[in-house]
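See structure below.
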Amino acid sequence: MAHHAHRQIREAGVAQLTGLTTSKSRVFPNRLHPLDDDSLPGLRVFMDTEDVVASGSGQLQERKPALIVECCAKATTTLDDTLDEMSNEVEKALANGLKVGTHWVNCEYAGMQYDDAMAAIPAGVKRLRFTIQYFAQGNAPDVLI
Amino acid sequence: MNDFSALESRVNATCLAHVANCTATLNGGASFRGIFDAEYVEPLGMSNSQPSLECLSSDVSTAKHGSAVVVTYRSIETRYTVASVKPDGTGMTRLMLQSV
């Protein structure tokens, strides 16, 4: 049995975003563990909400999960510039869709949100939201159609 | 009745005399004593620290965002800039510090 489509999409996102100029191999498919200095600047990739539309044909569903890519960095003077450059690289890497196994799924940029916090070295996150679109049967969420 | 503010000043000075753990300078001025700490924090899910210096308000009356602070803690000298100034209204001020 294959993994749930969400995992397939998340892992595909990590693979497609690995090797970008600023974040390089620092791409993490989780949001629970704190990123230490060796992990920055880095990307956190995870799924968020999903909307589902029944197609009216048996169990076929149109699914639209949100893929979140958080550009994370710490900097004393160039924080926003670094985050914007990371965003530039991520958006370009996903502009033509996401390759999940043998499927290309739509991956549309849906917006962003900034967040920052003061500390010894100010930390910032630019949260990018992408809407993924794929089809699956309700009784086979691990098979992208 | 005794002036309570005078008592506050004596208490502040006595406390610093006993628990100060560092010396510091502000904008290259005269050295003064203070209490330094750098608590571990995780803002936005990233490992970090929050250095701060607590001292007599009179020693840092000219401190503002961007002021240069040099802290000598356990014989190690470290440079910071002031991120924010937090007076407590009773004669003590905490400077929140940022690494340079």
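Going by the structure tokens order, chains are called A, B, ..., each with residues numbered from 1, while ligands are numbered from 1 in the order shown.
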For region 10-27 of chain B, find every residue with an atom within 12 Å (counting only C-alpha atoms), except residues of its own chain fewer than 2 positions away, and show them as a PDB file with N, CA and C atoms, in the first residue's frame.
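Dumped to result.pdb:
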ATOM      1  N   ASP B   3      11.037  58.169  53.317  1.00  0.00           N
ATOM      2  CA  ASP B   3      10.796  58.236  51.891  1.00  0.00           C
ATOM      3  C   ASP B   3      11.048  56.845  51.318  1.00  0.00           C
ATOM      4  N   PHE B   4      10.004  56.198  50.791  1.00  0.00           N
ATOM      5  CA  PHE B   4      10.148  54.829  50.302  1.00  0.00           C
ATOM      6  C   PHE B   4      11.074  54.762  49.104  1.00  0.00           C
ATOM      7  N   SER B   5      11.089  55.833  48.302  1.00  0.00           N
ATOM      8  CA  SER B   5      11.962  55.820  47.122  1.00  0.00           C
ATOM      9  C   SER B   5      13.431  55.753  47.537  1.00  0.00           C
ATOM     10  N   ALA B   6      13.752  56.358  48.656  1.00  0.00           N
ATOM     11  CA  ALA B   6      15.138  56.278  49.151  1.00  0.00           C
ATOM     12  C   ALA B   6      15.450  54.838  49.543  1.00  0.00           C
ATOM     13  N   LEU B   7      14.470  54.188  50.142  1.00  0.00           N
ATOM     14  CA  LEU B   7      14.653  52.777  50.497  1.00  0.00           C
ATOM     15  C   LEU B   7      14.834  51.931  49.234  1.00  0.00           C
ATOM     16  N   GLU B   8      14.039  52.212  48.201  1.00  0.00           N
ATOM     17  CA  GLU B   8      14.179  51.480  46.938  1.00  0.00           C
ATOM     18  C   GLU B   8      15.607  51.612  46.394  1.00  0.00           C
ATOM     19  N   GLY B  29      31.124  54.278  27.475  1.00  0.00           N
ATOM     20  CA  GLY B  29      31.272  55.089  28.666  1.00  0.00           C
ATOM     21  C   GLY B  29      31.853  54.319  29.831  1.00  0.00           C
ATOM     22  N   ALA B  30      31.594  54.853  31.025  1.00  0.00           N
ATOM     23  CA  ALA B  30      32.154  54.253  32.239  1.00  0.00           C
ATOM     24  C   ALA B  30      31.555  52.873  32.487  1.00  0.00           C
ATOM     25  N   SER B  31      32.364  52.011  33.076  1.00  0.00           N
ATOM     26  CA  SER B  31      31.918  50.648  33.365  1.00  0.00           C
ATOM     27  C   SER B  31      30.948  50.661  34.549  1.00  0.00           C
ATOM     28  N   PHE B  32      29.961  49.782  34.517  1.00  0.00           N
ATOM     29  CA  PHE B  32      29.018  49.653  35.629  1.00  0.00           C
ATOM     30  C   PHE B  32      28.700  48.179  35.806  1.00  0.00           C
ATOM     31  N   ARG B  33      28.097  47.851  36.946  1.00  0.00           N
ATOM     32  CA  ARG B  33      27.792  46.456  37.241  1.00  0.00           C
ATOM     33  C   ARG B  33      26.352  46.145  36.860  1.00  0.00           C
ATOM     34  N   GLY B  34      26.102  44.892  36.547  1.00  0.00           N
ATOM     35  CA  GLY B  34      24.752  44.498  36.176  1.00  0.00           C
ATOM     36  C   GLY B  34      24.555  42.998  36.309  1.00  0.00           C
ATOM     37  N   ILE B  35      23.329  42.572  36.001  1.00  0.00           N
ATOM     38  CA  ILE B  35      22.977  41.150  36.036  1.00  0.00           C
ATOM     39  C   ILE B  35      22.674  40.732  34.598  1.00  0.00           C
ATOM     40  N   PHE B  36      23.519  39.856  34.070  1.00  0.00           N
ATOM     41  CA  PHE B  36      23.372  39.413  32.687  1.00  0.00           C
ATOM     42  C   PHE B  36      22.782  38.013  32.641  1.00  0.00           C
ATOM     43  N   ASP B  37      21.863  37.796  31.728  1.00  0.00           N
ATOM     44  CA  ASP B  37      21.442  36.434  31.437  1.00  0.00           C
ATOM     45  C   ASP B  37      21.096  36.314  29.960  1.00  0.00           C
ATOM     46  N   SER B  52      19.932  39.662  28.065  1.00  0.00           N
ATOM     47  CA  SER B  52      19.454  40.897  28.684  1.00  0.00           C
ATOM     48  C   SER B  52      20.407  41.300  29.792  1.00  0.00           C
ATOM     49  N   LEU B  53      20.370  42.582  30.115  1.00  0.00           N
ATOM     50  CA  LEU B  53      21.228  43.138  31.154  1.00  0.00           C
ATOM     51  C   LEU B  53      20.361  43.970  32.071  1.00  0.00           C
ATOM     52  N   GLU B  54      20.333  43.615  33.353  1.00  0.00           N
ATOM     53  CA  GLU B  54      19.564  44.393  34.327  1.00  0.00           C
ATOM     54  C   GLU B  54      20.543  45.199  35.177  1.00  0.00           C
ATOM     55  N   CYS B  55      20.246  46.483  35.337  1.00  0.00           N
ATOM     56  CA  CYS B  55      21.187  47.367  36.034  1.00  0.00           C
ATOM     57  C   CYS B  55      20.435  48.571  36.583  1.00  0.00           C
ATOM     58  N   LEU B  56      21.176  49.447  37.261  1.00  0.00           N
ATOM     59  CA  LEU B  56      20.570  50.665  37.772  1.00  0.00           C
ATOM     60  C   LEU B  56      20.158  51.552  36.591  1.00  0.00           C
ATOM     61  N   SER B  57      18.976  52.092  36.681  1.00  0.00           N
ATOM     62  CA  SER B  57      18.490  52.978  35.613  1.00  0.00           C
ATOM     63  C   SER B  57      19.431  54.161  35.413  1.00  0.00           C
ATOM     64  N   SER B  58      20.033  54.612  36.504  1.00  0.00           N
ATOM     65  CA  SER B  58      20.921  55.770  36.414  1.00  0.00           C
ATOM     66  C   SER B  58      22.181  55.474  35.603  1.00  0.00           C
ATOM     67  N   ASP B  59      22.561  54.190  35.517  1.00  0.00           N
ATOM     68  CA  ASP B  59      23.747  53.818  34.739  1.00  0.00           C
ATOM     69  C   ASP B  59      23.463  53.761  33.238  1.00  0.00           C
ATOM     70  N   VAL B  60      22.186  53.637  32.875  1.00  0.00           N
ATOM     71  CA  VAL B  60      21.847  53.486  31.447  1.00  0.00           C
ATOM     72  C   VAL B  60      20.793  54.508  31.032  1.00  0.00           C
ATOM     73  N   SER B  61      20.853  55.700  31.622  1.00  0.00           N
ATOM     74  CA  SER B  61      19.833  56.716  31.356  1.00  0.00           C
ATOM     75  C   SER B  61      19.826  57.164  29.896  1.00  0.00           C
ATOM     76  N   THR B  62      20.949  56.997  29.188  1.00  0.00           N
ATOM     77  CA  THR B  62      21.008  57.426  27.786  1.00  0.00           C
ATOM     78  C   THR B  62      20.794  56.272  26.812  1.00  0.00           C
ATOM     79  N   ALA B  63      20.499  55.094  27.329  1.00  0.00           N
ATOM     80  CA  ALA B  63      20.337  53.929  26.448  1.00  0.00           C
ATOM     81  C   ALA B  63      19.086  54.067  25.591  1.00  0.00           C
ATOM     82  N   LYS B  64      19.208  53.652  24.347  1.00  0.00           N
ATOM     83  CA  LYS B  64      18.072  53.622  23.436  1.00  0.00           C
ATOM     84  C   LYS B  64      18.331  52.533  22.411  1.00  0.00           C
ATOM     85  N   HIS B  65      17.341  52.270  21.586  1.00  0.00           N
ATOM     86  CA  HIS B  65      17.479  51.252  20.547  1.00  0.00           C
ATOM     87  C   HIS B  65      18.722  51.554  19.702  1.00  0.00           C
ATOM     88  N   GLY B  66      19.587  50.572  19.565  1.00  0.00           N
ATOM     89  CA  GLY B  66      20.794  50.737  18.771  1.00  0.00           C
ATOM     90  C   GLY B  66      22.032  51.116  19.555  1.00  0.00           C
ATOM     91  N   SER B  67      21.877  51.452  20.834  1.00  0.00           N
ATOM     92  CA  SER B  67      23.048  51.810  21.645  1.00  0.00           C
ATOM     93  C   SER B  67      23.984  50.606  21.750  1.00  0.00           C
ATOM     94  N   ALA B  68      25.280  50.887  21.816  1.00  0.00           N
ATOM     95  CA  ALA B  68      26.285  49.819  21.899  1.00  0.00           C
ATOM     96  C   ALA B  68      26.532  49.447  23.351  1.00  0.00           C
ATOM     97  N   VAL B  69      26.468  48.157  23.619  1.00  0.00           N
ATOM     98  CA  VAL B  69      26.727  47.645  24.966  1.00  0.00           C
ATOM     99  C   VAL B  69      27.818  46.579  24.868  1.00  0.00           C
ATOM    100  N   VAL B  70      28.782  46.642  25.782  1.00  0.00           N
ATOM    101  CA  VAL B  70      29.795  45.594  25.874  1.00  0.00           C
ATOM    102  C   VAL B  70      29.656  44.960  27.252  1.00  0.00           C
ATOM    103  N   VAL B  71      29.403  43.684  27.292  1.00  0.00           N
ATOM    104  CA  VAL B  71      29.214  42.958  28.549  1.00  0.00           C
ATOM    105  C   VAL B  71      30.417  42.054  28.779  1.00  0.00           C
ATOM    106  N   THR B  72      31.012  42.167  29.968  1.00  0.00           N
ATOM    107  CA  THR B  72      32.076  41.248  30.347  1.00  0.00           C
ATOM    108  C   THR B  72      31.503  40.296  31.391  1.00  0.00           C
ATOM    109  N   TYR B  73      31.254  39.069  30.957  1.00  0.00           N
ATOM    110  CA  TYR B  73      30.620  38.050  31.798  1.00  0.00           C
ATOM    111  C   TYR B  73      31.533  36.845  31.851  1.00  0.00           C
ATOM    112  N   ARG B  74      31.919  36.455  33.040  1.00  0.00           N
ATOM    113  CA  ARG B  74      32.858  35.334  33.238  1.00  0.00           C
ATOM    114  C   ARG B  74      34.110  35.539  32.396  1.00  0.00           C
ATOM    115  N   SER B  75      34.633  36.741  32.431  1.00  0.00           N
ATOM    116  CA  SER B  75      35.881  37.131  31.769  1.00  0.00           C
ATOM    117  C   SER B  75      35.776  37.166  30.252  1.00  0.00           C
ATOM    118  N   ILE B  76      34.591  36.940  29.711  1.00  0.00           N
ATOM    119  CA  ILE B  76      34.417  36.981  28.264  1.00  0.00           C
ATOM    120  C   ILE B  76      33.674  38.256  27.897  1.00  0.00           C
ATOM    121  N   GLU B  77      34.283  39.006  26.965  1.00  0.00           N
ATOM    122  CA  GLU B  77      33.696  40.269  26.546  1.00  0.00           C
ATOM    123  C   GLU B  77      32.868  40.042  25.284  1.00  0.00           C
ATOM    124  N   THR B  78      31.617  40.491  25.307  1.00  0.00           N
ATOM    125  CA  THR B  78      30.740  40.301  24.155  1.00  0.00           C
ATOM    126  C   THR B  78      30.048  41.620  23.828  1.00  0.00           C
ATOM    127  N   ARG B  79      29.973  41.899  22.537  1.00  0.00           N
ATOM    128  CA  ARG B  79      29.346  43.150  22.095  1.00  0.00           C
ATOM    129  C   ARG B  79      27.887  42.915  21.691  1.00  0.00           C
ATOM    130  N   TYR B  80      27.047  43.844  22.083  1.00  0.00           N
ATOM    131  CA  TYR B  80      25.627  43.789  21.724  1.00  0.00           C
ATOM    132  C   TYR B  80      25.173  45.188  21.322  1.00  0.00           C
ATOM    133  N   THR B  81      23.985  45.223  20.740  1.00  0.00           N
ATOM    134  CA  THR B  81      23.285  46.500  20.622  1.00  0.00           C
ATOM    135  C   THR B  81      21.985  46.383  21.412  1.00  0.00           C
ATOM    136  N   VAL B  82      21.479  47.512  21.830  1.00  0.00           N
ATOM    137  CA  VAL B  82      20.237  47.531  22.602  1.00  0.00           C
ATOM    138  C   VAL B  82      19.061  47.361  21.649  1.00  0.00           C
ATOM    139  N   ASP B  88      11.775  49.536  35.133  1.00  0.00           N
ATOM    140  CA  ASP B  88      10.686  48.992  35.936  1.00  0.00           C
ATOM    141  C   ASP B  88      10.009  50.068  36.797  1.00  0.00           C
ATOM    142  N   GLY B  89      10.504  51.303  36.717  1.00  0.00           N
ATOM    143  CA  GLY B  89       9.871  52.395  37.436  1.00  0.00           C
ATOM    144  C   GLY B  89      10.319  52.539  38.882  1.00  0.00           C
ATOM    145  N   THR B  90      11.188  51.616  39.342  1.00  0.00           N
ATOM    146  CA  THR B  90      11.646  51.684  40.730  1.00  0.00           C
ATOM    147  C   THR B  90      13.162  51.839  40.802  1.00  0.00           C
ATOM    148  N   GLY B  91      13.780  52.183  39.691  1.00  0.00           N
ATOM    149  CA  GLY B  91      15.214  52.440  39.710  1.00  0.00           C
ATOM    150  C   GLY B  91      16.059  51.410  38.999  1.00  0.00           C
ATOM    151  N   MET B  92      15.428  50.345  38.513  1.00  0.00           N
ATOM    152  CA  MET B  92      16.163  49.324  37.772  1.00  0.00           C
ATOM    153  C   MET B  92      15.672  49.310  36.324  1.00  0.00           C
ATOM    154  N   THR B  93      16.555  48.985  35.416  1.00  0.00           N
ATOM    155  CA  THR B  93      16.212  48.902  33.994  1.00  0.00           C
ATOM    156  C   THR B  93      16.779  47.618  33.412  1.00  0.00           C
ATOM    157  N   LEU B  95      17.861  46.004  29.895  1.00  0.00           N
ATOM    158  CA  LEU B  95      18.141  46.226  28.482  1.00  0.00           C
ATOM    159  C   LEU B  95      18.034  44.887  27.754  1.00  0.00           C
ATOM    160  N   LEU B  97      18.944  42.791  24.676  1.00  0.00           N
ATOM    161  CA  LEU B  97      20.114  42.918  23.814  1.00  0.00           C
ATOM    162  C   LEU B  97      20.009  42.086  22.544  1.00  0.00           C
TER     163      LEU B  97
END
Using only C-alpha atoms and a cut-off of 8 Å, which residues of chain A sit close to chain B? Please list them as a PDB file with C-alpha atoms, in the first residue's frame.
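Generated file (part39.pdb):
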ATOM      1  CA  ARG A  31       7.116  22.067  11.937  1.00  0.00           C
ATOM      2  CA  LEU A  32       7.461  20.646  15.442  1.00  0.00           C
ATOM      3  CA  HIS A  33      11.188  20.563  16.132  1.00  0.00           C
ATOM      4  CA  PRO A  34      13.076  23.826  16.585  1.00  0.00           C
ATOM      5  CA  LEU A  35      15.542  24.689  13.849  1.00  0.00           C
ATOM      6  CA  ASP A  36      19.060  25.214  15.179  1.00  0.00           C
ATOM      7  CA  ASP A  37      21.664  27.460  13.583  1.00  0.00           C
ATOM      8  CA  THR A  76      20.562  41.062  12.365  1.00  0.00           C
ATOM      9  CA  ASP A 115       6.088  36.864  11.026  1.00  0.00           C
ATOM     10  CA  ASP A 116       9.131  37.893  13.036  1.00  0.00           C
ATOM     11  CA  ALA A 117      10.412  37.952  16.602  1.00  0.00           C
ATOM     12  CA  MET A 118      13.145  39.708  18.491  1.00  0.00           C
ATOM     13  CA  ALA A 119      15.896  37.653  20.124  1.00  0.00           C
ATOM     14  CA  ALA A 120      19.693  37.653  20.250  1.00  0.00           C
ATOM     15  CA  ILE A 121      19.474  37.334  16.469  1.00  0.00           C
ATOM     16  CA  PRO A 122      16.051  38.378  15.138  1.00  0.00           C
ATOM     17  CA  ALA A 123      14.158  35.492  13.592  1.00  0.00           C
ATOM     18  CA  GLY A 124      11.722  35.699  10.737  1.00  0.00           C
ATOM     19  CA  VAL A 125       9.376  33.446   8.824  1.00  0.00           C
TER      20      VAL A 125
END
Which residue out of A:Cys71, A:Ser55, A:Arg63, A:Val45 has the minimum interatomic distance to Met86 (chain A) when only C-alpha atoms are used?
-> A:Cys71
Distance query Thr21 (chain A) at most 9 Å, only C-alpha atoms, self and fewer than 2 positions along chain excluded, as number ranges by chain = A: 19, 23-24, 86, 89
Going by DSSP on the backbone, which bits of region 30-117 of chain A are alpha helix (DSSP H)? Write them as a PyMOL selection string, please.
-> chain A and resi 79-94
Would you write out those residues with all heavy atoms, as a compact mmCIF listing (two decimals), in the first residue's frame?
# COMPACT_ATOMS: atom_id res chain seq x y z
N LEU A 79 17.25 40.55 7.35
CA LEU A 79 16.28 39.47 7.52
C LEU A 79 15.22 39.48 6.41
O LEU A 79 14.99 38.45 5.77
CB LEU A 79 15.61 39.60 8.88
CG LEU A 79 14.63 38.50 9.26
CD1 LEU A 79 15.29 37.15 9.24
CD2 LEU A 79 14.04 38.79 10.64
N ASP A 80 14.60 40.59 6.17
CA ASP A 80 13.55 40.65 5.16
C ASP A 80 14.10 40.35 3.77
O ASP A 80 13.46 39.68 2.96
CB ASP A 80 12.86 42.02 5.16
CG ASP A 80 11.89 42.16 6.32
OD1 ASP A 80 11.79 41.22 7.13
OD2 ASP A 80 11.22 43.20 6.41
N ASP A 81 15.29 40.85 3.50
CA ASP A 81 15.90 40.60 2.19
C ASP A 81 16.14 39.10 2.00
O ASP A 81 15.89 38.55 0.92
CB ASP A 81 17.23 41.34 2.06
CG ASP A 81 17.07 42.85 2.00
OD1 ASP A 81 15.93 43.31 1.80
OD2 ASP A 81 18.07 43.56 2.16
N THR A 82 16.64 38.45 3.05
CA THR A 82 16.91 37.01 2.97
C THR A 82 15.61 36.24 2.75
O THR A 82 15.54 35.34 1.91
CB THR A 82 17.59 36.53 4.26
OG1 THR A 82 18.83 37.22 4.42
CG2 THR A 82 17.84 35.03 4.22
N LEU A 83 14.58 36.59 3.50
CA LEU A 83 13.30 35.89 3.36
C LEU A 83 12.70 36.11 1.97
O LEU A 83 12.14 35.19 1.37
CB LEU A 83 12.33 36.36 4.44
CG LEU A 83 12.72 36.01 5.88
CD1 LEU A 83 11.73 36.62 6.86
CD2 LEU A 83 12.81 34.51 6.08
N ASP A 84 12.81 37.32 1.46
CA ASP A 84 12.27 37.59 0.12
C ASP A 84 13.03 36.82 -0.94
O ASP A 84 12.44 36.33 -1.92
CB ASP A 84 12.32 39.09 -0.18
CG ASP A 84 11.26 39.87 0.56
OD1 ASP A 84 10.28 39.25 1.02
OD2 ASP A 84 11.43 41.10 0.72
N GLU A 85 14.33 36.68 -0.77
CA GLU A 85 15.11 35.93 -1.76
C GLU A 85 14.74 34.45 -1.70
O GLU A 85 14.62 33.78 -2.73
CB GLU A 85 16.61 36.12 -1.50
CG GLU A 85 17.49 35.48 -2.57
CD GLU A 85 17.15 35.93 -3.98
OE1 GLU A 85 16.71 37.09 -4.17
OE2 GLU A 85 17.27 35.10 -4.91
N MET A 86 14.53 33.93 -0.49
CA MET A 86 14.11 32.54 -0.35
C MET A 86 12.75 32.33 -1.01
O MET A 86 12.52 31.34 -1.72
CB MET A 86 14.04 32.14 1.13
CG MET A 86 15.39 32.16 1.83
SD MET A 86 15.26 31.88 3.60
CE MET A 86 14.98 30.11 3.64
N SER A 87 11.86 33.26 -0.81
CA SER A 87 10.54 33.19 -1.41
C SER A 87 10.64 33.20 -2.93
O SER A 87 9.96 32.46 -3.63
CB SER A 87 9.70 34.37 -0.92
OG SER A 87 8.48 34.47 -1.62
N ASN A 88 11.52 34.04 -3.44
CA ASN A 88 11.75 34.12 -4.89
C ASN A 88 12.15 32.75 -5.43
O ASN A 88 11.62 32.27 -6.45
CB ASN A 88 12.86 35.16 -5.13
CG ASN A 88 13.03 35.54 -6.58
OD1 ASN A 88 12.10 35.43 -7.37
ND2 ASN A 88 14.22 36.00 -6.94
N GLU A 89 13.06 32.09 -4.75
CA GLU A 89 13.55 30.78 -5.19
C GLU A 89 12.47 29.71 -5.08
O GLU A 89 12.32 28.87 -5.98
CB GLU A 89 14.78 30.41 -4.35
CG GLU A 89 15.96 31.34 -4.57
CD GLU A 89 17.02 31.20 -3.48
OE1 GLU A 89 16.93 30.29 -2.63
OE2 GLU A 89 17.96 32.03 -3.46
N VAL A 90 11.70 29.73 -4.01
CA VAL A 90 10.66 28.71 -3.81
C VAL A 90 9.55 28.87 -4.85
O VAL A 90 9.11 27.89 -5.47
CB VAL A 90 10.08 28.82 -2.40
CG1 VAL A 90 8.82 27.96 -2.27
CG2 VAL A 90 11.11 28.40 -1.36
N GLU A 91 9.10 30.07 -5.05
CA GLU A 91 8.00 30.29 -6.00
C GLU A 91 8.41 29.85 -7.41
O GLU A 91 7.62 29.25 -8.15
CB GLU A 91 7.59 31.75 -6.00
CG GLU A 91 6.89 32.18 -4.71
CD GLU A 91 6.51 33.64 -4.72
OE1 GLU A 91 5.83 34.07 -5.68
OE2 GLU A 91 6.88 34.37 -3.79
N LYS A 92 9.63 30.13 -7.77
CA LYS A 92 10.09 29.72 -9.11
C LYS A 92 10.19 28.20 -9.20
O LYS A 92 9.87 27.61 -10.23
CB LYS A 92 11.45 30.37 -9.41
CG LYS A 92 11.36 31.87 -9.69
CD LYS A 92 12.73 32.47 -9.93
CE LYS A 92 12.61 33.96 -10.25
NZ LYS A 92 13.94 34.62 -10.39
N ALA A 93 10.64 27.56 -8.13
CA ALA A 93 10.81 26.11 -8.14
C ALA A 93 9.48 25.38 -8.26
O ALA A 93 9.41 24.27 -8.79
CB ALA A 93 11.53 25.66 -6.88
N LEU A 94 8.40 26.00 -7.78
CA LEU A 94 7.08 25.36 -7.81
C LEU A 94 6.17 25.92 -8.88
O LEU A 94 5.01 25.50 -9.00
CB LEU A 94 6.41 25.49 -6.44
CG LEU A 94 7.12 24.81 -5.26
CD1 LEU A 94 6.35 25.04 -3.97
CD2 LEU A 94 7.32 23.33 -5.50
Identify, with DSSP run on backbone atoms, the residues in region 59-111 of chain A assigned to strand (DSSP E), and express the list as a compact mmCIF listing (two decimals) with C-alpha atoms, in the first residue's frame.
# COMPACT_ATOMS: atom_id res chain seq x y z
CA LEU A 60 -14.08 10.35 -7.29
CA GLN A 61 -13.05 13.50 -5.47
CA GLU A 62 -11.30 16.69 -6.47
CA ARG A 63 -8.94 17.50 -3.62
CA LYS A 64 -7.25 20.81 -2.95
CA PRO A 65 -4.86 20.67 -0.02
CA ALA A 66 -2.75 23.61 1.01
CA LEU A 67 1.00 23.07 0.90
CA ILE A 68 2.81 25.44 3.25
CA VAL A 69 6.44 26.37 2.71
CA GLU A 70 7.93 28.42 5.53
CA CYS A 71 11.08 30.33 4.68
CA CYS A 72 12.96 30.56 8.01
CA ALA A 73 15.98 32.72 8.75
CA LYS A 74 17.80 34.64 11.45
CA LEU A 98 4.78 19.58 -8.35
CA LYS A 99 6.04 16.19 -9.57
CA VAL A 100 4.51 13.50 -7.39
CA HIS A 103 2.06 12.74 -11.84
CA TRP A 104 2.41 16.47 -12.26
CA VAL A 105 -0.09 18.21 -9.96
CA ASN A 106 -1.13 21.82 -10.12
CA CYS A 107 0.62 23.95 -7.53
CA GLU A 108 -0.67 27.49 -7.45
CA TYR A 109 0.79 30.24 -5.27
CA ALA A 110 -2.02 31.44 -2.99
CA GLY A 111 -0.43 34.07 -0.77
Give me the residues within 12 Å of Gly138 (chain A) as a list of chain:residue names, counting only C-alpha atoms and dropping any in the same chain fewer than 3 places off.
-> A:His4, A:Ala5, A:Val52, A:Val53, A:Ala54, A:Ser55, A:Gly56, A:Ser57, A:Gly58, A:Gln59, A:Leu60, A:Gln61, A:Glu62, A:Arg63, A:Phe135, A:Pro141, A:Asp142, A:Val143, A:Leu144, A:Ile145
For N, CA, C and O atoms, I'd like the residues from the last selection saved as an mmCIF file, in the first residue's frame.
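Heads up, here's the output in result_7.cif:
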data_model
loop_
_atom_site.group_PDB
_atom_site.id
_atom_site.type_symbol
_atom_site.label_atom_id
_atom_site.label_comp_id
_atom_site.auth_asym_id
_atom_site.auth_seq_id
_atom_site.Cartn_x
_atom_site.Cartn_y
_atom_site.Cartn_z
ATOM 1 N N HIS A 4 -0.316 7.800 2.008
ATOM 2 C CA HIS A 4 -1.397 8.757 1.712
ATOM 3 C C HIS A 4 -0.860 9.825 0.758
ATOM 4 O O HIS A 4 0.319 10.212 0.830
ATOM 5 N N ALA A 5 -1.733 10.301 -0.100
ATOM 6 C CA ALA A 5 -1.327 11.314 -1.086
ATOM 7 C C ALA A 5 -0.702 12.525 -0.406
ATOM 8 O O ALA A 5 0.193 13.170 -0.965
ATOM 9 N N VAL A 52 -12.385 19.504 -0.327
ATOM 10 C CA VAL A 52 -12.727 18.370 -1.188
ATOM 11 C C VAL A 52 -14.062 18.636 -1.878
ATOM 12 O O VAL A 52 -15.011 19.090 -1.227
ATOM 13 N N VAL A 53 -14.102 18.357 -3.155
ATOM 14 C CA VAL A 53 -15.341 18.494 -3.918
ATOM 15 C C VAL A 53 -15.647 17.139 -4.540
ATOM 16 O O VAL A 53 -14.825 16.591 -5.285
ATOM 17 N N ALA A 54 -16.792 16.603 -4.211
ATOM 18 C CA ALA A 54 -17.182 15.334 -4.819
ATOM 19 C C ALA A 54 -17.492 15.580 -6.283
ATOM 20 O O ALA A 54 -18.126 16.581 -6.638
ATOM 21 N N SER A 55 -17.023 14.686 -7.124
ATOM 22 C CA SER A 55 -17.203 14.916 -8.552
ATOM 23 C C SER A 55 -18.568 14.480 -9.034
ATOM 24 O O SER A 55 -18.963 14.785 -10.145
ATOM 25 N N GLY A 56 -19.269 13.751 -8.155
ATOM 26 C CA GLY A 56 -20.577 13.251 -8.572
ATOM 27 C C GLY A 56 -20.487 11.944 -9.304
ATOM 28 O O GLY A 56 -21.498 11.397 -9.727
ATOM 29 N N SER A 57 -19.257 11.438 -9.445
ATOM 30 C CA SER A 57 -19.068 10.173 -10.152
ATOM 31 C C SER A 57 -18.481 9.152 -9.193
ATOM 32 O O SER A 57 -17.266 9.049 -9.048
ATOM 33 N N GLY A 58 -19.377 8.435 -8.489
ATOM 34 C CA GLY A 58 -18.897 7.449 -7.526
ATOM 35 C C GLY A 58 -18.128 8.123 -6.415
ATOM 36 O O GLY A 58 -18.578 9.112 -5.836
ATOM 37 N N GLN A 59 -16.937 7.595 -6.138
ATOM 38 C CA GLN A 59 -16.159 8.140 -5.035
ATOM 39 C C GLN A 59 -15.082 9.104 -5.507
ATOM 40 O O GLN A 59 -14.229 9.515 -4.729
ATOM 41 N N LEU A 60 -15.114 9.468 -6.774
ATOM 42 C CA LEU A 60 -14.075 10.353 -7.289
ATOM 43 C C LEU A 60 -14.180 11.729 -6.629
ATOM 44 O O LEU A 60 -15.264 12.312 -6.544
ATOM 45 N N GLN A 61 -13.063 12.226 -6.163
ATOM 46 C CA GLN A 61 -13.045 13.505 -5.472
ATOM 47 C C GLN A 61 -11.964 14.412 -6.070
ATOM 48 O O GLN A 61 -10.875 13.941 -6.414
ATOM 49 N N GLU A 62 -12.316 15.685 -6.155
ATOM 50 C CA GLU A 62 -11.303 16.691 -6.467
ATOM 51 C C GLU A 62 -10.792 17.217 -5.129
ATOM 52 O O GLU A 62 -11.579 17.707 -4.305
ATOM 53 N N ARG A 63 -9.517 17.103 -4.908
ATOM 54 C CA ARG A 63 -8.943 17.496 -3.619
ATOM 55 C C ARG A 63 -7.998 18.685 -3.807
ATOM 56 O O ARG A 63 -7.192 18.694 -4.727
ATOM 57 N N PHE A 135 -6.808 14.572 -8.027
ATOM 58 C CA PHE A 135 -8.014 13.760 -7.917
ATOM 59 C C PHE A 135 -7.657 12.431 -7.267
ATOM 60 O O PHE A 135 -6.551 11.898 -7.432
ATOM 61 N N PRO A 141 -7.190 6.982 -0.911
ATOM 62 C CA PRO A 141 -6.528 8.281 -0.791
ATOM 63 C C PRO A 141 -5.036 8.223 -1.053
ATOM 64 O O PRO A 141 -4.368 9.263 -1.035
ATOM 65 N N ASP A 142 -4.520 7.045 -1.314
ATOM 66 C CA ASP A 142 -3.090 6.941 -1.577
ATOM 67 C C ASP A 142 -2.792 6.850 -3.067
ATOM 68 O O ASP A 142 -1.634 6.695 -3.463
ATOM 69 N N VAL A 143 -3.829 6.982 -3.900
ATOM 70 C CA VAL A 143 -3.630 6.861 -5.345
ATOM 71 C C VAL A 143 -4.049 8.161 -6.009
ATOM 72 O O VAL A 143 -5.232 8.522 -6.012
ATOM 73 N N LEU A 144 -3.106 8.887 -6.549
ATOM 74 C CA LEU A 144 -3.418 10.111 -7.288
ATOM 75 C C LEU A 144 -3.893 9.718 -8.686
ATOM 76 O O LEU A 144 -3.319 8.831 -9.333
ATOM 77 N N ILE A 145 -4.944 10.397 -9.098
ATOM 78 C CA ILE A 145 -5.475 10.111 -10.433
ATOM 79 C C ILE A 145 -5.118 11.252 -11.369
ATOM 80 O O ILE A 145 -5.315 12.416 -11.049
#
